[in-house]
Structures are given as C-alpha cells and as structure tokens.
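A.B. asks: Pasting model-v8.cif here (mmCIF, C-alpha atoms):
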data_model
#
loop_
_atom_site.label_atom_id
_atom_site.label_comp_id
_atom_site.auth_asym_id
_atom_site.auth_seq_id
_atom_site.Cartn_x
_atom_site.Cartn_y
_atom_site.Cartn_z
CA MET E 1 108.32 90.65 118.58
CA LEU E 2 112.04 89.94 118.32
CA THR E 3 112.77 93.58 119.05
CA LEU E 4 110.73 93.28 122.22
CA PHE E 5 112.68 90.18 123.25
CA LEU E 6 115.94 92.00 122.56
CA ILE E 7 114.85 94.88 124.79
CA LEU E 8 113.77 92.45 127.53
CA PHE E 9 117.10 90.62 127.54
CA ILE E 10 119.04 93.89 127.57
CA ALA E 11 116.95 94.92 130.57
CA LEU E 12 117.65 91.54 132.20
CA LEU E 13 121.38 92.04 131.62
CA ILE E 14 121.27 95.50 133.18
CA PHE E 15 119.21 94.21 136.12
CA THR E 16 121.58 91.31 136.81
CA THR E 17 124.61 93.59 136.61
CA ILE E 18 123.11 96.06 139.09
CA ARG E 19 121.85 93.29 141.37
CA LYS E 20 125.22 91.52 141.31
CA ARG E 21 126.92 94.68 142.57
CA LYS E 22 124.34 95.12 145.31
CA ILE E 23 124.68 91.58 146.64
CA LYS E 24 128.40 92.10 147.00
CA ASN E 25 127.71 94.78 149.57
CA GLU E 26 124.90 92.84 151.27
CA PHE E 27 126.33 89.32 151.58
CA SER E 28 130.08 89.49 151.38
CA LYS E 29 130.44 90.27 155.08
CA ILE E 30 127.61 88.13 156.45
CA ASN E 31 127.46 84.83 154.58
CA LYS E 32 130.13 84.00 152.03
CA ARG E 33 128.42 80.80 150.81
CA SER E 34 125.13 82.56 150.06
CA TYR E 35 127.09 85.33 148.37
CA SER E 36 128.94 82.84 146.16
CA ILE E 37 125.74 81.06 145.08
CA ARG E 38 123.95 84.29 144.24
CA LYS E 39 126.98 85.71 142.47
CA PHE E 40 127.19 82.53 140.38
CA GLY E 41 123.47 82.73 139.55
CA TYR E 42 123.67 86.34 138.45
CA THR E 43 126.83 85.66 136.44
CA LEU E 44 125.10 82.75 134.72
CA LEU E 45 122.10 84.98 133.92
CA GLN E 46 124.44 87.64 132.53
CA ILE E 47 126.22 85.16 130.25
CA LEU E 48 122.93 83.69 129.07
CA SER E 49 121.52 87.18 128.45
CA ILE E 50 124.58 88.20 126.45
CA LEU E 51 124.37 85.07 124.28
CA ILE E 52 120.66 85.56 123.64
CA ILE E 53 121.21 89.25 122.85
CA ILE E 54 123.88 88.34 120.30
CA VAL E 55 121.66 85.71 118.66
CA LEU E 56 118.66 88.06 118.58
CA PHE E 57 120.78 90.84 117.13
CA ILE E 58 122.01 88.59 114.31
CA ILE E 59 118.46 87.40 113.58
CA LEU E 60 117.19 90.99 113.59
CA CYS E 61 119.91 92.01 111.12
CA ILE E 62 118.96 89.17 108.76
CA ILE E 63 115.24 89.91 108.99
CA THR E 64 115.80 93.63 108.53
CA THR E 65 117.73 93.08 105.31
CA ASN E 66 114.90 90.89 104.00
CA VAL E 67 112.25 93.46 104.94
CA ALA E 68 114.30 96.21 103.29
CA THR E 69 113.91 94.47 99.91
CA GLU E 70 110.14 95.02 99.88
CA ASN E 71 110.34 98.15 97.69
CA ILE E 72 112.60 96.36 95.24
CA ILE E 73 110.13 93.48 94.98
CA THR E 74 107.27 95.90 94.34
CA SER E 75 109.29 97.58 91.58
CA LYS E 76 110.07 94.21 89.98
CA ILE E 77 106.41 93.19 90.04
CA GLU E 78 105.44 96.47 88.36
CA MET E 79 108.18 96.00 85.75
CA TYR E 80 107.03 92.47 84.87
CA GLN E 81 103.40 93.54 84.75
CA LYS E 82 104.29 96.43 82.41
CA GLU E 83 106.26 94.05 80.20
CA ASN E 84 103.28 91.65 80.13
CA THR E 85 100.99 94.52 79.14
CA ASN E 86 103.36 95.35 76.26
CA ILE E 87 103.35 91.71 75.17
CA GLU E 88 99.56 91.61 75.30
CA ASP E 89 99.41 94.75 73.16
CA ASN E 90 101.87 93.28 70.64
CA LEU E 91 99.89 90.04 70.44
CA HIS E 92 96.69 92.01 70.07
CA THR E 93 98.18 93.90 67.11
CA ILE E 94 99.55 90.76 65.47
CA ILE E 95 96.29 88.87 65.82
CA ASP E 96 94.21 91.79 64.58
CA GLU E 97 96.45 92.12 61.52
CA TYR E 98 96.27 88.40 60.89
CA MET E 99 92.50 88.35 61.33
CA ASN E 100 92.13 91.24 58.89
CA HIS E 101 94.43 89.55 56.38
CA GLU E 102 92.74 86.20 56.60
CA ASN E 103 89.22 87.48 57.10
CA SER E 104 87.93 85.87 53.94
CA THR E 105 89.30 82.44 54.79
CA ILE E 106 88.68 82.39 58.51
CA THR E 107 84.98 82.70 59.06
CA SER E 108 84.47 79.94 61.57
CA ILE E 109 86.44 81.59 64.39
CA ILE E 110 84.46 84.10 66.34
CA PRO E 111 86.72 86.95 67.43
CA ASP E 112 87.42 86.25 71.04
CA SER E 113 88.52 88.88 73.52
CA ASN E 114 91.11 86.42 74.84
CA TYR E 115 93.87 86.51 72.26
CA PHE E 116 95.69 83.63 73.87
CA ASN E 117 92.77 81.34 72.98
CA ILE E 118 92.89 82.54 69.37
CA ILE E 119 96.64 81.88 69.18
CA THR E 120 96.24 78.32 70.39
CA SER E 121 93.35 77.62 68.00
CA LEU E 122 95.11 78.85 64.84
CA PRO E 123 98.05 76.69 63.75
CA GLU E 124 99.57 79.49 61.65
CA LEU E 125 99.80 81.79 64.65
CA LYS E 126 100.77 79.04 67.04
CA SER E 127 103.79 78.11 64.93
CA ASP E 128 104.96 81.71 64.48
CA LYS E 129 108.32 82.07 66.26
CA ILE E 130 107.76 85.66 67.27
CA ILE E 131 104.48 84.80 68.93
CA GLN E 132 106.00 81.74 70.57
CA LYS E 133 108.81 83.85 71.99
CA GLU E 134 106.33 86.44 73.27
CA LEU E 135 104.22 83.74 74.90
CA GLU E 136 107.28 82.19 76.57
CA VAL E 137 108.31 85.57 77.97
CA TYR E 138 104.74 86.22 79.10
CA ILE E 139 104.51 82.89 80.92
CA SER E 140 107.97 83.37 82.42
CA ASN E 141 107.00 86.84 83.65
CA ASN E 142 103.85 85.47 85.25
CA GLU E 143 105.91 82.87 87.12
CA LYS E 144 108.31 85.55 88.30
CA ILE E 145 105.43 87.75 89.42
CA LYS E 146 103.97 84.83 91.37
CA LYS E 147 107.30 84.18 93.13
CA LEU E 148 107.77 87.86 93.92
CA LYS E 149 104.27 88.08 95.40
CA GLU E 150 105.08 85.05 97.55
CA GLU E 151 108.24 86.83 98.73
CA LYS E 152 106.15 89.88 99.54
CA ILE E 153 103.83 87.73 101.66
CA GLU E 154 106.89 86.32 103.43
CA ILE E 155 108.09 89.86 104.11
CA ALA E 156 104.76 90.67 105.76
CA ARG E 157 105.34 87.70 108.08
CA LEU E 158 108.90 88.84 108.81
CA LYS E 159 107.64 92.34 109.62
CA TRP E 160 105.36 90.80 112.21
CA TYR E 161 108.32 89.00 113.77
CA LEU E 162 110.35 92.18 113.66
CA TYR E 163 107.92 94.72 115.10
CA PHE E 164 104.33 93.39 115.13
CA GLY E 165 103.41 95.28 112.00
CA HIS E 166 102.85 95.54 108.30
#
Step by step, read the file and then write its structure as structure tokens.
C.D. replies:
Amino acid sequence: MLTLFLILFIALLIFTTIRKRKIKNEFSKINKRSYSIRKFGYTLLQILSILIIIVLFIILCIITTNVATENIITSKIEMYQKENTNIEDNLHTIIDEYMNHENSTITSIIPDSNYFNIITSLPELKSDKIIQKELEVYISNNEKIKKLKEEKIEIARLKWYLYFGH
C-alpha cells in the first residue's frame, strides 16, 4: 500500500514538472497573471510531492527492516521450542527415575502423562533446584516464544502495509 502511494506521488511529481514546463510556453505570452498562479500551484504540488515522497521512503525503509527480521524470528521460535523439548525430555527422565526409586513409597500418585503436574504435587521434586531451574527456563522460553509470535503477527500486518501481501 505504501509502495503504491510512493509510486503515485512520484508520478504526480513527474506530471507537475512536465505540466509546469508546458504552461510556460502556453501562458507566458498571453496572460502573465494566470501563468503566475498556475506556476505557483504546480510548484506547491511539486514541493508537497517531494516531502511526501521523502516521508514515504523513510517509512518504507523502517518497515522493510522490520519485515526482513521475519526469518530471524522464525529461527528463534524454533530454537526456543527445541530447548523446551530438551527440558521436557530431561524432566521426563528425572521424574521416571524418581518414580522408579520411590515406587514402593509413592503408591497414591497415578502416573500422569503431564510431568509438570507430577512435579507440583511432589514436594521432593518441587524443591529440587535442578528441576526448579529447568522449569524457570521452560516458562521463560514460553514467554519468549509468545512475544516472538506476536512480532511475527505484527510483521504480517507490516507486509500488508508494504505491498498488500503475506
């Protein structure tokens, strides 16, 4: 959309420049007052077009740099998701080992497929520093993933402003 506006204002600038030269030949000999008014109007349009072109160009540069970060955001999301998968696997291993070790004493807990529920229900696991650290990293990664996905949605909106697309 902004690219289209940029093209339109460049076309307007070209049109006013050509038209300004033509009116010089048409009106300079016949009516000097009419020539002056039209020349002023076309000059004003040229100045306005140049200012709008400059502003649009700056905005397009800013938006383009934001859109260019889309691949980086996708890579970061994949990295955090891979790290979360590793954390889930580590927690799975720790809980399975703990459940095997304490199998005789822990009979009331039904093995749940959600290991995070098991961690919160067992005080021994909940107080383990390694598990706490893993959970903190996991939660932090999920927050980062959420923010990156929001940025990706914002990039889709910026792409629409830039060139009507995804």
A.B. asks: Near E:Thr65, counting only C-alpha atoms, which residues have an atom at most 12 Å away, once you skip same-chain residues fewer than 5 positions from it, shown as a list of chain:residue names?
C.D. replies: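 The contact residues come out as E:Ile58, E:Ile59, E:Leu60, E:Glu70, E:Asn71, E:Ile72, E:Ile155, E:Leu158, E:Lys159, E:Leu162.
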A.B. asks: Between E:Ala156, E:Ile63, E:Asn142, E:Ile10, which has the minimum distance to E:Ile77 (counting only C-alpha atoms)?
C.D. replies: E:Asn142
A.B. asks: E:Ile37, E:Leu148, E:Ile50, E:Ile153: which is nearest E:Ile14, counting all atoms listed in the file?
C.D. replies: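 Nearest candidate to E:Ile14 out of E:Ile37, E:Leu148, E:Ile50, E:Ile153: E:Ile50.
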A.B. asks: Give me the residues near E:Leu8 as a list of chain:residue names, where near means some atom within 12 Å (using all atoms listed in the file) and where sequence neighbours in that chain fewer than 4 positions away do not count.
C.D. replies: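 Result of the neighbour search: E:Met1, E:Leu2, E:Thr3, E:Leu4, E:Leu12, E:Leu13, E:Ile14, E:Phe15, E:Ser49, E:Ile50, E:Ile52, E:Ile53, E:Leu56.
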A.B. asks: Given all atoms listed in the file as the basis, pick out the residue of E:Thr93, E:Asn100, E:Ser75, E:Gln81 nearest to E:Ser140.
C.D. replies: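 Nearest candidate to E:Ser140 out of E:Thr93, E:Asn100, E:Ser75, E:Gln81: E:Gln81.
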A.B. asks: From the set E:Met79, E:Asn31, E:Thr16, E:Arg157, which residue has the shortest atom-to-atom contact distance to E:Leu48, counting all atoms listed in the file?
C.D. replies: E:Thr16
A.B. asks: Any chance you could work out the axis-aligned box around stretch 31-47 of chain E, listed atoms only, 4 Å on each side, giving centre and edge lengths in Å to one decimal, as JSON?
C.D. replies:
{"center_x": 126.1, "center_y": 84.2, "center_z": 142.4, "size_x": 16.0, "size_y": 14.8, "size_z": 32.3}
A.B. asks: Every residue with an atom at most 12 Å from (121.9, 95.5, 141.0) (file coordinates; only C-alpha atoms) is what I'm after, so could you write them as a compact mmCIF listing (two decimals) with C-alpha atoms, in the coordinates of the input?
C.D. replies:
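Output below, filename out_22.txt:
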# COMPACT_ATOMS: atom_id res chain seq x y z
CA ALA E 11 116.95 94.92 130.57
CA LEU E 12 117.65 91.54 132.20
CA LEU E 13 121.38 92.04 131.62
CA ILE E 14 121.27 95.50 133.18
CA PHE E 15 119.21 94.21 136.12
CA THR E 16 121.58 91.31 136.81
CA THR E 17 124.61 93.59 136.61
CA ILE E 18 123.11 96.06 139.09
CA ARG E 19 121.85 93.29 141.37
CA LYS E 20 125.22 91.52 141.31
CA ARG E 21 126.92 94.68 142.57
CA LYS E 22 124.34 95.12 145.31
CA ILE E 23 124.68 91.58 146.64
CA LYS E 24 128.40 92.10 147.00
CA ASN E 25 127.71 94.78 149.57
CA GLU E 26 124.90 92.84 151.27
CA ARG E 38 123.95 84.29 144.24
CA LYS E 39 126.98 85.71 142.47
CA TYR E 42 123.67 86.34 138.45
CA THR E 43 126.83 85.66 136.44
CA GLN E 46 124.44 87.64 132.53
A.B. asks: What does the structure give for the distance between atom CA of E:Gln132 and atom CA of E:Leu91, in Å to one decimal?
C.D. replies: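 Spanning atom CA of E:Gln132 to atom CA of E:Leu91 is a straight-line distance of 10.3 Å.
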A.B. asks: Provide the atom CA of E:Val67 to atom CA of E:Tyr80 distance in Å, to one decimal place.
C.D. replies: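 Between atom CA of E:Val67 and atom CA of E:Tyr80 the gap works out to 20.8 Å.
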A.B. asks: With distances taken over only C-alpha atoms, which of E:Ile47, E:Phe40, E:Ile7, E:Glu134 is nearest to E:Ile87?
C.D. replies: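 Of the candidates, the smallest distance to E:Ile87 is held by E:Glu134.
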